[in-house]
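See structure below.
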Amino acid sequence: MLEKYLKNRLKEKKILLMTHIVLGYPSFEEGFQIVESMVEAGVDLMELQIPFSEPIADGPVILRANQSALANGVTVKKCLEFAGDVAKKFPIPFLVMTYYNILFQYGLDRFAGVMAKNDIKGAIVPDLPPEEGKEYLDAMAGHDRCPIFIFSPTTPLERMKYIASHGNGFIYCVARKGVTGADTDFSSDLHSYLARCRQATNLPLALGFGVKDKNDIDFLTGQVDIAVIGTQTIRLVEKEGVGSVGPFISGLR
Amino acid sequence: MLEKYLKNRLKEKKILLMTHIVLGYPSFEEGFQIVESMVEAGVDLMELQIPFSEPIADGPVILRANQSALANGVTVKKCLEFAGDVAKKFPIPFLVMTYYNILFQYGLDRFAGVMAKNDIKGAIVPDLPPEEGKEYLDAMAGHDRCPIFIFSPTTPLERMKYIASHGNGFIYCVARKGVTGADTDFSSDLHSYLARCRQATNLPLALGFGVKDKNDIDFLTGQVDIAVIGTQTIRLVEKEGVGSVGPFISGLR
Amino acid sequence: MLNRGYYDGFGGAYLPEILVATFDELEKVFLEAKNDPDFWQNYENLMSTYSCRPTPITFAENLSRYFGGPRIYIKREDLNHTGAHKANNVMGQGLLVKRMNKTRVIAETGAGQHGVATATMAAKFGFDCTIYMGEVDVERQRPNVFWMERLGAEVIPVKEGTRILKDAINEAFRDWVTHMDTTHYVLGTACGPHPFPEMVTYFQSIIGKEARKQMMESQGRLPTRIYACVGGGSNALGIFSGFLHDPAVELVGVEAGGKGLDTGEHASRLCSEDAAVGVAQGYKTYFLQNHEGQMKETHSIAAGLDYVGVSPILSHLKETGRVRFEAATDDEVVAATALTIRKEGVIPALESAHAFAQAFREASKLSHDDIILINQSGRGDKDIFTVADAFNDPKWQQFIIEKAKKYHA
Amino acid sequence: MLNRGYYDGFGGAYLPEILVATFDELEKVFLEAKNDPDFWQNYENLMSTYSCRPTPITFAENLSRYFGGPRIYIKREDLNHTGAHKANNVMGQGLLVKRMNKTRVIAETGAGQHGVATATMAAKFGFDCTIYMGEVDVERQRPNVFWMERLGAEVIPVKEGTRILKDAINEAFRDWVTHMDTTHYVLGTACGPHPFPEMVTYFQSIIGKEARKQMMESQGRLPTRIYACVGGGSNALGIFSGFLHDPAVELVGVEAGGKGLDTGEHASRLCSEDAAVGVAQGYKTYFLQNHEGQMKETHSIAAGLDYVGVSPILSHLKETGRVRFEAATDDEVVAATALTIRKEGVIPALESAHAFAQAFREASKLSHDDIILINQSGRGDKDIFTVADAFNDPKWQQFIIEKAKKYHA
Ligand SMILES: Cc1ncc(COP(=O)(O)O)c(C=O)c1O
Ligand SMILES: Cc1ncc(COP(=O)(O)O)c(C=O)c1O
């Protein structure tokens, strides 16, 4: 279902945009405004990060956003409600992104159930490789939600195939080593990696980590299906306020 | 010669008094006045301590006097001159008391020679047991000076005899364990010790360490030949000044 | 689906995909080493010439008499080079780093013990070295930072999160996902993703191997009970592993009871209600976390026990009942430290003193025929700032004030 | 006339008469022990279960490569319990105290090492313990005072004289002449009246015995040169004594050159013009003294080398030429410390670093076939206050200032 939406959409656009926010950061109200401007500016899907105290795969910017949200009393419960609200209100697919312990404590089946109820299409869980995810996969399948898995430049072809066999909706390809928020060198080095990704799966490919401006998007167009803007919008909101998000997104494509 | 003087004097007095000063403390001038008052008050002989930086057998009062003298620039040379001056001026025998290194650096023979020249009758060297004193004994004998050796309550009879065989003039009996300046309990406990001392030698016996007032002297009278007043006069000078020494000594006997 | 490194459901390897290949390599090299008969021999040689293994067991004659019960023995990991059992683990991993031809090591550290040990190993092996340390700990544990820097390590204060040990671990992982080609992450305890729990336990098992042999040689029998403190679990697993298959030997792990289990200010994951099974920092175990899965703040007088997770192998041994877990409070620990110093002339680290505290609590209930073995995982004289504060020594405070005046001038 | 404990004119026993009987007893008990085949065995057992003897020799591979000359080995006395070779001496004397049925020990201490070692021994053996320590040192070395007090010792600050080590020795003698019935004076080095130089050397000879065996076992040959620092001389005599009868082994003792031999601010008695033979503190040897025999003030960055006298046995070995003596300056010592930490991951005490400094100066002149053995008499991490000051570390100073603020509040 998510895959189908994306493939349809790709008939109209050469590349799709996925954006990212940390829920409750700077606040739920501002978050709502940000989602609104992003949707208006033509974003194709969004990942909503539920803050976790140990966001091991995130760089300093998102890490601090996680902490700040938690310090402000953001709970998983409120995050899921918020996700439900925006999913109801806005016409694009939403995903949750968070670490495994959040799902685990909530109860995997219960979590997938709430996602279904709130029309959250899928989940990205960066510290859960498919090997460790049997229960998660069953729950997601049971509630017809998409488990989005991750490829990395260090993943060999065989393993990519194995991972893809468990994924659904699309594959999230991280552009490079390291955590979110650092610069990526968008150069021909990426080609062979992305070729390998393509070879491994027919699922749409999203590329994230370090995508920050129109140049990057132009570079990626034709090579991947979805460009992921993560840290960059958080930086923007921190520097220039919520109002700057819309124009920024509009200018990307 | 010293022994003879003492024995003669003992025909007149039941007990002799030996006093002690640290040379150059508080100053040579005051030292001179102290000697003068002591002689006038009837002291029978005196030990003049040449300060040493490591006076291992002395308690806190004499230790500090040693340090203070050294800090004021007192030298061995000046001490020996001073000793010569008082020996010339006053009609009682004078001894030097100091630690072995002072003699050793000066040269043992040279030291004994200066003693002879300045009419210092003998020396007390508390860190030099006769075993270590061959060169010293030879030098003292060569210049006809008296090496005064020491008995202690821990010295067995046999060793007392051995020590006495090297001594001359008299034997200095320390009253108790410990260093100079602490209290001594003048009680019948001393009897057997002093009896052992007597048994070991015919030399006159001096008793020192902790003798401080007429009571103590009375107690010792008849048991030893010489009572040694050490720390007590230094304390007195420190508290009541040089003028108090004469009356104090006069009141002892 | 391949599940690796599980102990009855605890453990695993919850890894960001970018690290999977690195862990595959690490596991491969570790298994090769483990199966290479020369490897353990080399490791033992290194530990016996660079550190002073075998460390002795010391008969605590005065403490035994004092409690009137069992004979008390102490396994002396405090005599290791750098002052704690941490040396065993870092030197072992150092040998693996050489096998992997990597040139740089990174590590997290809380108290600083593991940081100093890693920096020492790096100096010895000629590796570059970066140590991540929570900013709060950098401030508290300056002496260890000083030594790490002298040893040539770069110490990076972690300003994120609660700025203590767990945040340093996260930061080390962030470094690793960037530099895994050249860099090995020397994890300091038997936690983290597979193969770390197994690997760290393997190196620390030298403690238990020696202790078992020493008890048999000197006493002709095994101890009745063995006590070890439990931070991440490495010293405990190290000594326990020598006796796991001796059912008559009771194994007791002692956690940080802090200000008391009912105050919330503690670091007890295996015997408090405040912990639950979860997944963080790459593995599944008991964590001190709230009902939504966010990690809690922890407290212990001993920085080395002040950690939210615990070895999955210990969680497993708790469930099977093979190891009994207890908690000792800060106050009990200070009292046990004072008594041990006074009676035996050995200075346990505050971490190790948890094991002593629990042993003392139980000693008088055992009989003369019993033997107790306590693992003294480290020495306390390294932690004088903490210990002096624990004892609230006014002369020490005056000394520091005077010293500060001189630096001001 | 019976002359005891002379080494070609050095040594002897220049005792106040009150102590003669005590020394007679001590000598008798020591000789009995020495002739009792079980005694040394007991001593070795004690040192191998309470400390970690034999201490290893460590191959300093990186330093060897760095200097490009001989292979450099380090004898690791730093791994001893309490962190230095001082443990050997105090534990040995502790066994004698038991034989004499005495119940109290006293000791002098400068840096605090020997005080901590003695207090440790006293705790272990259940003796009362009083430590004399110059007031200046009490202030400088508060951490060691803190530990001595925890160990149950009474630390008495000596306010007389220059208020440093030699004054503490004098004060200890003053205590002893009062309490010799119950009390043994545990002298900390191979100095003082006979039988101390012989006795302390006897206990420390465990270092040389082990080292010789270890060199033969691991290298099949003896070292070309052995370096040891020289304070009172006990660690040097300890290691040298294993090789005295191996004429091919060159023995090098390294004194404290302080700010330079020509500045007067040093503690070099065997290779400076400022020293002369004399008698003080009960024995005859080279002392730093003026021409009238008054002792001079001394200086060294290493408190443990900052002493006016030196073992009479070393004075003798200087005269015979069997040992060569050199001096290393404070600056050279700090540089050698830094290099050793960085290259090998071991932290020599500033005392021990004198031996390293001299070895480094000579290393490049030796060939690949040569072997150098350096005695690392103690570990430097105990002396962080001194070392941090020697390195003039601003972050350390800031840490102390912050700490002081907290104590003020
Ligand atoms: C001396 C000492 N003991 C124990 C620990 C706790 O770690 P583990 O449980 O891994 O032995 C530490 C940690 O720093 C330590 O330094
Ligand atoms: C570590 C260390 N090395 C050496 C010395 C010097 O003493 P000695 O010359 O007796 O070995 C000391 C004295 O405190 C010391 O602590």
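In the structure tokens, chains take the letters A, B, ... in the order shown, each chain's residues start at 1, and ligands count up from 1 in the order shown.
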Quick one: which residues from chain C are at most 6 Å off chain A, using only C-alpha atoms, as a ChimeraX atom specification? /C:1-2,14-16,18,170,177-178,278-279,292-294
May I have the selected residues written with C-alpha atoms, as a PDB file, in the first residue's frame?
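Generated file (again.pdb):
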```pdb
ATOM      1  CA  MET C   1      16.758 -15.487  10.888  1.00  0.00           C
ATOM      2  CA  LEU C   2      20.063 -15.714  12.718  1.00  0.00           C
ATOM      3  CA  TYR C  14      20.577  -4.520  18.151  1.00  0.00           C
ATOM      4  CA  LEU C  15      22.830  -2.729  15.734  1.00  0.00           C
ATOM      5  CA  PRO C  16      22.483   0.129  13.300  1.00  0.00           C
ATOM      6  CA  ILE C  18      26.183   0.417   9.286  1.00  0.00           C
ATOM      7  CA  ASN C 170      26.380   6.424  22.921  1.00  0.00           C
ATOM      8  CA  VAL C 177      29.839   4.166  13.028  1.00  0.00           C
ATOM      9  CA  THR C 178      32.013   6.773  11.347  1.00  0.00           C
ATOM     10  CA  GLY C 278      14.452  -3.624  27.525  1.00  0.00           C
ATOM     11  CA  VAL C 279      16.729  -2.941  24.600  1.00  0.00           C
ATOM     12  CA  GLU C 292       7.679   4.066  28.352  1.00  0.00           C
ATOM     13  CA  GLY C 293      11.258   2.839  27.927  1.00  0.00           C
ATOM     14  CA  GLN C 294      13.177   6.001  28.695  1.00  0.00           C
TER      15      GLN C 294
END
```
Quick one: everything within 9 Å of Asn290 (chain C), counting only C-alpha atoms, minus sequence neighbours fewer than 3 positions away in the same chain. Send it as a ChimeraX atom specification. /C:274-276,293-296
List all protein, DNA and RNA residues that have any atom at most 6 Å from ligand 2, counting only C-alpha atoms and all ligand atoms, and write the list as a PyMOL selection string. chain D and resi 84+111+113-114+189+230-236+304-305+349+351-352+377-378
Two-atom distance - CA of His184 (chain C), CA of Lys102 (chain C) (Å):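 Atom-to-atom, CA of His184 (chain C) to CA of Lys102 (chain C), that is 6.8 Å.
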Best match for closeness to ligand 1 among C:Leu96, C:Val254, C:Ile156, C:Ala33, counting only C-alpha atoms and all ligand atoms: C:Val254
I'd like to know which residues of region 138-187 of chain B are helix (DSSP H, G or I) (by DSSP, run on the backbone); could you write them as number ranges by chain? B: 138-142, 157-164
